[in-house]
$ cat protein17.txt   # compact mmCIF, C-alpha atoms and all ligand atoms
# COMPACT_ATOMS: atom_id res chain seq x y z
CA MET A 1 -4.20 -18.62 7.10
CA GLU A 2 -0.64 -19.41 6.10
CA ASN A 3 0.49 -15.79 5.87
CA VAL A 4 -0.47 -14.90 9.47
CA VAL A 5 1.41 -15.72 12.68
CA VAL A 6 0.59 -15.11 16.35
CA VAL A 7 3.42 -14.33 18.79
CA TYR A 8 2.67 -13.91 22.47
CA LYS A 9 4.21 -13.32 25.87
CA SER A 10 2.39 -14.80 28.84
CA ARG A 11 3.38 -15.17 32.49
CA THR A 12 0.26 -16.58 34.10
CA GLY A 13 -1.57 -18.10 31.14
CA PHE A 14 -4.20 -15.51 30.20
CA THR A 15 -2.50 -14.21 27.03
CA ASP A 16 -1.57 -17.79 26.17
CA GLY A 17 -5.28 -18.65 26.24
CA TYR A 18 -6.36 -15.72 24.04
CA ALA A 19 -3.44 -16.28 21.62
CA HIS A 20 -4.44 -19.93 21.14
CA TRP A 21 -8.10 -18.98 20.59
CA ILE A 22 -7.00 -16.48 17.92
CA ALA A 23 -4.63 -18.93 16.19
CA GLU A 24 -7.30 -21.64 16.27
CA GLU A 25 -9.92 -19.32 14.81
CA LEU A 26 -7.59 -18.11 12.04
CA GLY A 27 -5.94 -21.50 11.47
CA CYS A 28 -2.50 -19.91 11.70
CA GLU A 29 0.85 -20.63 13.34
CA ILE A 30 1.56 -19.53 16.91
CA TYR A 31 4.80 -19.06 18.90
CA PRO A 32 5.61 -17.91 22.41
CA LEU A 33 7.94 -14.87 22.38
CA GLU A 34 10.63 -17.01 24.03
CA ASN A 35 10.91 -19.07 20.80
CA VAL A 36 10.89 -16.31 18.16
CA ASN A 37 14.64 -16.58 17.56
CA LEU A 38 13.92 -19.94 15.94
CA VAL A 39 11.16 -18.60 13.69
CA ASN A 40 11.59 -17.60 10.05
CA PHE A 41 9.17 -14.69 9.61
CA SER A 42 9.58 -14.31 5.84
CA PRO A 43 6.46 -16.38 4.85
CA PHE A 44 4.20 -14.19 7.00
CA ASP A 45 2.56 -10.95 5.83
CA MET A 46 0.84 -10.28 9.16
CA VAL A 47 2.23 -10.65 12.69
CA ILE A 48 -0.24 -10.54 15.59
CA PHE A 49 1.46 -9.87 18.91
CA GLY A 50 -0.18 -10.24 22.33
CA GLY A 51 1.01 -9.63 25.89
CA GLY A 52 -0.34 -9.13 29.40
CA VAL A 53 -0.45 -5.62 30.88
CA ARG A 54 1.92 -4.99 33.80
CA ALA A 55 1.62 -1.57 35.43
CA GLY A 56 0.36 -0.15 32.14
CA LYS A 57 3.06 -1.73 29.96
CA ILE A 58 2.37 -4.58 27.56
CA ASP A 59 4.72 -7.44 28.36
CA GLY A 60 7.13 -8.07 25.47
CA ILE A 61 6.10 -4.97 23.49
CA HIS A 62 9.77 -4.49 22.55
CA PHE A 63 9.11 -7.25 20.01
CA ILE A 64 6.79 -4.89 18.08
CA LYS A 65 9.24 -2.00 18.28
CA LYS A 66 11.95 -4.27 16.85
CA ALA A 67 9.59 -5.64 14.16
CA LEU A 68 8.71 -2.08 13.09
CA LYS A 69 12.37 -1.45 12.39
CA SER A 70 13.45 -4.81 10.96
CA CYS A 71 10.41 -5.65 8.80
CA PRO A 72 8.44 -2.47 8.07
CA GLU A 73 6.56 -4.20 5.22
CA LYS A 74 4.70 -6.56 7.57
CA GLN A 75 1.22 -5.72 8.83
CA LEU A 76 1.38 -5.68 12.63
CA VAL A 77 -1.55 -6.14 15.01
CA VAL A 78 -1.31 -5.89 18.82
CA PHE A 79 -3.57 -7.23 21.52
CA ALA A 80 -3.24 -6.88 25.28
CA THR A 81 -4.86 -8.79 28.12
CA GLY A 82 -5.48 -7.14 31.47
CA ALA A 83 -7.55 -7.02 34.62
CA ALA A 84 -9.33 -3.80 33.56
CA PRO A 85 -12.95 -4.51 32.59
CA GLN A 86 -13.69 -5.05 28.88
CA GLU A 87 -16.14 -2.14 28.88
CA ASP A 88 -13.55 0.27 30.31
CA THR A 89 -12.67 1.78 26.94
CA GLU A 90 -10.69 4.59 28.60
CA ALA A 91 -8.35 2.04 30.25
CA ALA A 92 -7.89 0.28 26.89
CA LYS A 93 -7.13 3.64 25.23
CA ARG A 94 -4.52 4.44 27.91
CA ILE A 95 -2.85 1.05 27.37
CA GLN A 96 -2.78 1.66 23.60
CA GLN A 97 -1.37 5.18 23.95
CA GLY A 98 1.22 4.09 26.50
CA ASN A 99 2.57 1.25 24.36
CA ILE A 100 2.07 1.90 20.65
CA PRO A 101 4.05 4.70 19.02
CA ALA A 102 1.65 7.49 18.02
CA ASN A 103 3.17 7.90 14.55
CA VAL A 104 2.37 4.36 13.35
CA GLU A 105 -0.95 2.78 12.53
CA ILE A 106 -1.06 -0.54 14.35
CA PRO A 107 -4.52 -1.93 15.07
CA PHE A 108 -4.92 -2.54 18.81
CA PHE A 109 -7.35 -4.83 20.67
CA TYR A 110 -7.86 -5.18 24.42
CA PHE A 111 -9.19 -8.32 26.13
CA GLN A 112 -10.19 -8.59 29.78
CA SER A 113 -8.56 -11.49 31.59
CA GLY A 114 -8.13 -11.76 35.34
CA ILE A 115 -5.60 -12.49 38.06
CA ASN A 116 -3.92 -15.84 38.67
CA TYR A 117 -2.06 -15.88 42.01
CA GLU A 118 -1.27 -19.58 41.71
CA ARG A 119 0.89 -19.04 38.59
CA MET A 120 2.27 -15.64 39.65
CA LYS A 121 5.96 -15.26 40.58
CA GLY A 122 6.92 -13.95 44.04
CA VAL A 123 7.81 -10.41 42.92
CA ASP A 124 4.49 -10.00 41.12
CA LYS A 125 2.60 -11.30 44.16
CA LEU A 126 4.37 -8.65 46.24
CA ILE A 127 3.50 -5.92 43.72
CA MET A 128 -0.15 -7.01 43.77
CA SER A 129 -0.30 -6.87 47.57
CA VAL A 130 1.14 -3.31 47.45
CA VAL A 131 -1.44 -2.35 44.81
CA ARG A 132 -4.26 -3.74 47.01
CA MET A 133 -2.86 -1.84 50.01
CA ILE A 134 -2.75 1.44 48.04
CA MET A 135 -6.29 0.87 46.77
CA ARG A 136 -7.53 0.14 50.30
CA GLY A 137 -6.21 3.59 51.24
CA MET A 138 -8.12 5.24 48.41
CA LYS A 139 -11.38 5.21 50.39
CA GLU A 140 -12.73 8.27 48.62
CA LYS A 141 -12.43 6.61 45.21
CA GLU A 142 -15.75 5.11 44.31
CA GLY A 143 -15.67 1.35 43.75
CA SER A 144 -12.15 0.85 45.13
CA ASP A 145 -13.42 -1.36 48.02
CA GLN A 146 -15.19 -3.58 45.52
CA MET A 147 -12.04 -3.80 43.39
CA VAL A 148 -9.85 -4.66 46.40
CA GLN A 149 -12.28 -7.47 47.27
CA ALA A 150 -12.28 -8.69 43.66
CA MET A 151 -8.48 -8.67 43.53
CA LYS A 152 -8.07 -10.71 46.73
CA ASN A 153 -8.40 -14.03 44.95
CA SER A 154 -7.66 -15.42 41.52
CA TYR A 155 -10.38 -14.91 38.94
CA ASP A 156 -10.79 -15.32 35.19
CA TYR A 157 -13.12 -13.21 33.03
CA SER A 158 -11.51 -14.30 29.75
CA SER A 159 -14.07 -14.79 27.04
CA ARG A 160 -13.48 -16.31 23.63
CA GLY A 161 -16.24 -14.12 22.17
CA ASP A 162 -14.15 -11.00 22.87
CA ILE A 163 -11.67 -11.90 20.10
CA GLU A 164 -14.37 -11.36 17.46
CA PRO A 165 -13.33 -7.77 16.48
CA LEU A 166 -9.71 -8.89 15.99
CA ILE A 167 -10.77 -11.91 13.91
CA SER A 168 -13.02 -9.70 11.73
CA TYR A 169 -10.17 -7.23 11.26
CA VAL A 170 -7.80 -9.97 10.08
CA ARG A 171 -10.38 -11.52 7.74
CA ASN A 172 -11.16 -8.12 6.17
CA TRP A 173 -7.45 -7.43 5.75
CA GLU A 174 -7.03 -10.83 4.06
CA ASP A 175 -9.99 -10.15 1.72
CA SER A 176 -8.67 -6.73 0.73
CA SER A 177 -5.13 -8.09 0.14
CA LEU A 178 -6.59 -10.75 -2.18
CA LEU A 179 -8.55 -8.08 -4.07
CA ILE A 180 -5.36 -6.02 -4.57
CA ALA A 181 -3.45 -9.14 -5.69
CA ASP A 182 -6.22 -9.96 -8.25
CA ARG A 183 -6.01 -6.54 -9.95
C1 LIG B 1 2.40 -7.09 38.62
C2 LIG B 1 1.13 -6.99 37.85
C3 LIG B 1 0.75 -5.78 37.33
C4 LIG B 1 -0.47 -5.67 36.59
N1 LIG B 1 -0.83 -4.46 36.08
C5 LIG B 1 -1.99 -4.35 35.38
C6 LIG B 1 -2.38 -3.10 34.82
O1 LIG B 1 -1.70 -2.10 34.90
N2 LIG B 1 -3.57 -3.05 34.15
C7 LIG B 1 -4.38 -4.16 33.98
O2 LIG B 1 -5.45 -4.05 33.37
N3 LIG B 1 -4.02 -5.36 34.50
C8 LIG B 1 -2.85 -5.49 35.18
N4 LIG B 1 -2.46 -6.71 35.70
C9 LIG B 1 -3.25 -7.92 35.39
C10 LIG B 1 -2.61 -8.63 34.18
O3 LIG B 1 -2.54 -7.74 33.10
C11 LIG B 1 -3.41 -9.84 33.74
O4 LIG B 1 -3.42 -10.79 34.74
C12 LIG B 1 -2.84 -10.37 32.41
O5 LIG B 1 -3.84 -11.02 31.69
C13 LIG B 1 -1.66 -11.28 32.64
O6 LIG B 1 -1.32 -11.89 31.42
P1 LIG B 1 -0.53 -13.27 31.36
O7 LIG B 1 -1.20 -14.23 32.29
O8 LIG B 1 -0.62 -13.70 29.96
O9 LIG B 1 0.90 -12.93 31.77
C14 LIG B 1 -1.29 -6.83 36.42
C15 LIG B 1 -0.87 -8.06 36.97
C16 LIG B 1 0.31 -8.14 37.66
C17 LIG B 1 0.71 -9.47 38.22
$ encode --input "protein17.txt" --output "structure tokens" --more "lines below"
Ligand SMILES: Cc1cc2nc3c(=O)[nH]c(=O)nc-3n(C[C@H](O)[C@H](O)[C@H](O)COP(=O)(O)O)c2cc1C
Amino acid sequence: MENVVVVYKSRTGFTDGYAHWIAEELGCEIYPLENVNLVNFSPFDMVIFGGGVRAGKIDGIHFIKKALKSCPEKQLVVFATGAAPQEDTEAAKRIQQGNIPANVEIPFFYFQSGINYERMKGVDKLIMSVVRMIMRGMKEKEGSDQMVQAMKNSYDYSSRGDIEPLISYVRNWEDSSLLIADR
């Protein structure tokens, strides 16, 4: 798809992985957020942005806020990757509400990823050890022991199949834009 572009921000590789799966599936261009200054966005009608979740915030989400102002005619789509389980729809809803302005309609998709200590920077490693410590103290919270154990080591629950709803959304959008153009 020549009129679609994927832009992503990734620190430890999970969003990078999902972004490349999406671009491959759609046959579209893809750029890391660090390179967007060099990109001419005028040929694209849809911009798909993805970032990892850090303490509830989607990394690089300022890109979307800027895009809303500078190119309001573009269709924007956001996806986030995080450690919260794919089936935890409440967590996904909280991420959406905490990052996407309520007064705009931007389709949002959440993909479970994991934790990668090997590629994590020192500050993030420190934050994660504090999070584990806090969770260890939350004895009364059901499942927290299990989560602390799971978070001790790197893991990866990324799954290419999870991008399906986003891919379907983009294909339907493309079909309906073609229908409008044909009229
Ligand atoms: C400092 C830090 C904070 C995080 N906070 C959250 C969080 O609030 N919710 C969540 O689901 N995952 C959280 N995670 C897990 C990341 O969202 C997950 O590893 C993500 O896929 C990272 O994306 P990236 O590798 O593309 O940067 C956190 C990870 C780190 C290192």
$ closest_atom_pairs --input "protein17.txt" --of "chain A" --to "ligand LIG 1 (chain B)" --cutoff "8 Å" --atoms "only C-alpha atoms and all ligand atoms" --output "tab-separated table"
residue	atom	partner	partner_atom	distance
A:Lys9	CA	B:LIG1	O8	6.3
A:Ser10	CA	B:LIG1	O8	3.4
A:Arg11	CA	B:LIG1	O9	3.4
A:Thr12	CA	B:LIG1	O7	3.3
A:Gly13	CA	B:LIG1	O7	4.1
A:Phe14	CA	B:LIG1	O7	3.9
A:Thr15	CA	B:LIG1	O8	3.5
A:Asp16	CA	B:LIG1	O8	5.7
A:Gly17	CA	B:LIG1	O8	7.7
A:Gly51	CA	B:LIG1	O8	6.0
A:Gly52	CA	B:LIG1	O6	3.6
A:Val53	CA	B:LIG1	O3	3.7
A:Arg54	CA	B:LIG1	N1	3.6
A:Ala55	CA	B:LIG1	O1	3.4
A:Gly56	CA	B:LIG1	O1	4.0
A:Lys57	CA	B:LIG1	O1	6.9
A:Asp59	CA	B:LIG1	O9	7.5
A:Ala80	CA	B:LIG1	O5	7.7
A:Thr81	CA	B:LIG1	O5	4.3
A:Gly82	CA	B:LIG1	O3	3.4
A:Ala83	CA	B:LIG1	O2	3.8
A:Ala84	CA	B:LIG1	O2	3.9
A:Pro85	CA	B:LIG1	O2	7.6
A:Ala91	CA	B:LIG1	O2	7.4
A:Ile95	CA	B:LIG1	N2	8.0
A:Gln112	CA	B:LIG1	O5	7.1
A:Ser113	CA	B:LIG1	O5	4.7
A:Gly114	CA	B:LIG1	O4	4.8
A:Ile115	CA	B:LIG1	O4	4.3
A:Asn116	CA	B:LIG1	O4	6.4
A:Tyr117	CA	B:LIG1	C17	7.9
A:Met120	CA	B:LIG1	C17	6.5
A:Val123	CA	B:LIG1	C1	7.7
A:Asp124	CA	B:LIG1	C1	4.4
A:Lys125	CA	B:LIG1	C17	6.5
A:Ile127	CA	B:LIG1	C1	5.3
A:Met128	CA	B:LIG1	C1	5.7
$ closest_residue --input "protein17.txt" --among "A:Lys121, A:Phe111, A:Ala102, A:Ile48" --to "Arg160 in chain A" --atoms "all atoms listed in the file"
A:Phe111
$ closest_residue --input "protein17.txt" --among "A:Met138, A:Met46, A:Val131, A:Ile100" --to "Ser177 in chain A" --atoms "only C-alpha atoms"
A:Met46
$ atom_distance --input "protein17.txt" --atom1 "CA of Ala92 in chain A" --atom2 "CA of Phe109 in chain A"
8.1 Å
$ residues_around --input "protein17.txt" --residues "range 61-71 of chain A" --least-positions-apart "5" --cutoff "10 Å" --atoms "all atoms listed in the file" --output "list in words"
Val7, Tyr8, Lys9, Leu33, Val36, Phe41, Ser42, Asp45, Val47, Ile48, Phe49, Gly50, Gly51, Gly52, Val53, Leu76, Val77, Val78, Ala80, Asn99, Ile100, Pro101, Val104 and Ile106 of chain A
$ write_last_selection --input "protein17.txt" --atoms "C-alpha atoms" --output "CSV table (one decimal), in the frame of the given file"
chain,number,residue,atom,x,y,z
A,7,VAL,CA,3.4,-14.3,18.8
A,8,TYR,CA,2.7,-13.9,22.5
A,9,LYS,CA,4.2,-13.3,25.9
A,33,LEU,CA,7.9,-14.9,22.4
A,36,VAL,CA,10.9,-16.3,18.2
A,41,PHE,CA,9.2,-14.7,9.6
A,42,SER,CA,9.6,-14.3,5.8
A,45,ASP,CA,2.6,-11.0,5.8
A,47,VAL,CA,2.2,-10.6,12.7
A,48,ILE,CA,-0.2,-10.5,15.6
A,49,PHE,CA,1.5,-9.9,18.9
A,50,GLY,CA,-0.2,-10.2,22.3
A,51,GLY,CA,1.0,-9.6,25.9
A,52,GLY,CA,-0.3,-9.1,29.4
A,53,VAL,CA,-0.4,-5.6,30.9
A,76,LEU,CA,1.4,-5.7,12.6
A,77,VAL,CA,-1.6,-6.1,15.0
A,78,VAL,CA,-1.3,-5.9,18.8
A,80,ALA,CA,-3.2,-6.9,25.3
A,99,ASN,CA,2.6,1.2,24.4
A,100,ILE,CA,2.1,1.9,20.6
A,101,PRO,CA,4.0,4.7,19.0
A,104,VAL,CA,2.4,4.4,13.4
A,106,ILE,CA,-1.1,-0.5,14.4
$ decode --input "protein17.txt" --residues "range 47-78 of chain A" --atoms "C-alpha atoms" --output "PDB file, in the first residue's frame"
ATOM      1  CA  VAL A  47      -0.075   7.079   9.275  1.00  0.00           C
ATOM      2  CA  ILE A  48       0.155   4.113  11.668  1.00  0.00           C
ATOM      3  CA  PHE A  49       2.112   4.942  14.805  1.00  0.00           C
ATOM      4  CA  GLY A  50       3.339   2.397  17.361  1.00  0.00           C
ATOM      5  CA  GLY A  51       5.227   2.677  20.649  1.00  0.00           C
ATOM      6  CA  GLY A  52       5.995   0.688  23.788  1.00  0.00           C
ATOM      7  CA  VAL A  53       4.112   1.466  27.014  1.00  0.00           C
ATOM      8  CA  ARG A  54       6.202   2.987  29.811  1.00  0.00           C
ATOM      9  CA  ALA A  55       4.385   3.525  33.099  1.00  0.00           C
ATOM     10  CA  GLY A  56       1.111   3.844  31.190  1.00  0.00           C
ATOM     11  CA  LYS A  57       2.421   6.272  28.556  1.00  0.00           C
ATOM     12  CA  ILE A  58       2.994   5.281  24.939  1.00  0.00           C
ATOM     13  CA  ASP A  59       6.572   6.091  24.009  1.00  0.00           C
ATOM     14  CA  GLY A  60       6.701   8.803  21.325  1.00  0.00           C
ATOM     15  CA  ILE A  61       2.954   9.580  21.456  1.00  0.00           C
ATOM     16  CA  HIS A  62       3.829  13.277  21.044  1.00  0.00           C
ATOM     17  CA  PHE A  63       4.268  12.385  17.362  1.00  0.00           C
ATOM     18  CA  ILE A  64       0.511  11.728  17.088  1.00  0.00           C
ATOM     19  CA  LYS A  65      -0.383  14.915  18.955  1.00  0.00           C
ATOM     20  CA  LYS A  66       1.817  16.877  16.539  1.00  0.00           C
ATOM     21  CA  ALA A  67       0.385  15.037  13.506  1.00  0.00           C
ATOM     22  CA  LEU A  68      -3.166  15.859  14.642  1.00  0.00           C
ATOM     23  CA  LYS A  69      -2.284  19.535  14.513  1.00  0.00           C
ATOM     24  CA  SER A  70      -0.050  19.656  11.435  1.00  0.00           C
ATOM     25  CA  CYS A  71      -1.911  17.253   9.124  1.00  0.00           C
ATOM     26  CA  PRO A  72      -5.519  16.881  10.303  1.00  0.00           C
ATOM     27  CA  GLU A  73      -6.544  15.375   6.939  1.00  0.00           C
ATOM     28  CA  LYS A  74      -4.496  12.194   7.475  1.00  0.00           C
ATOM     29  CA  GLN A  75      -6.081   9.068   8.921  1.00  0.00           C
ATOM     30  CA  LEU A  76      -4.131   8.165  12.059  1.00  0.00           C
ATOM     31  CA  VAL A  77      -3.959   4.732  13.691  1.00  0.00           C
ATOM     32  CA  VAL A  78      -2.123   3.974  16.951  1.00  0.00           C
TER      33      VAL A  78
END
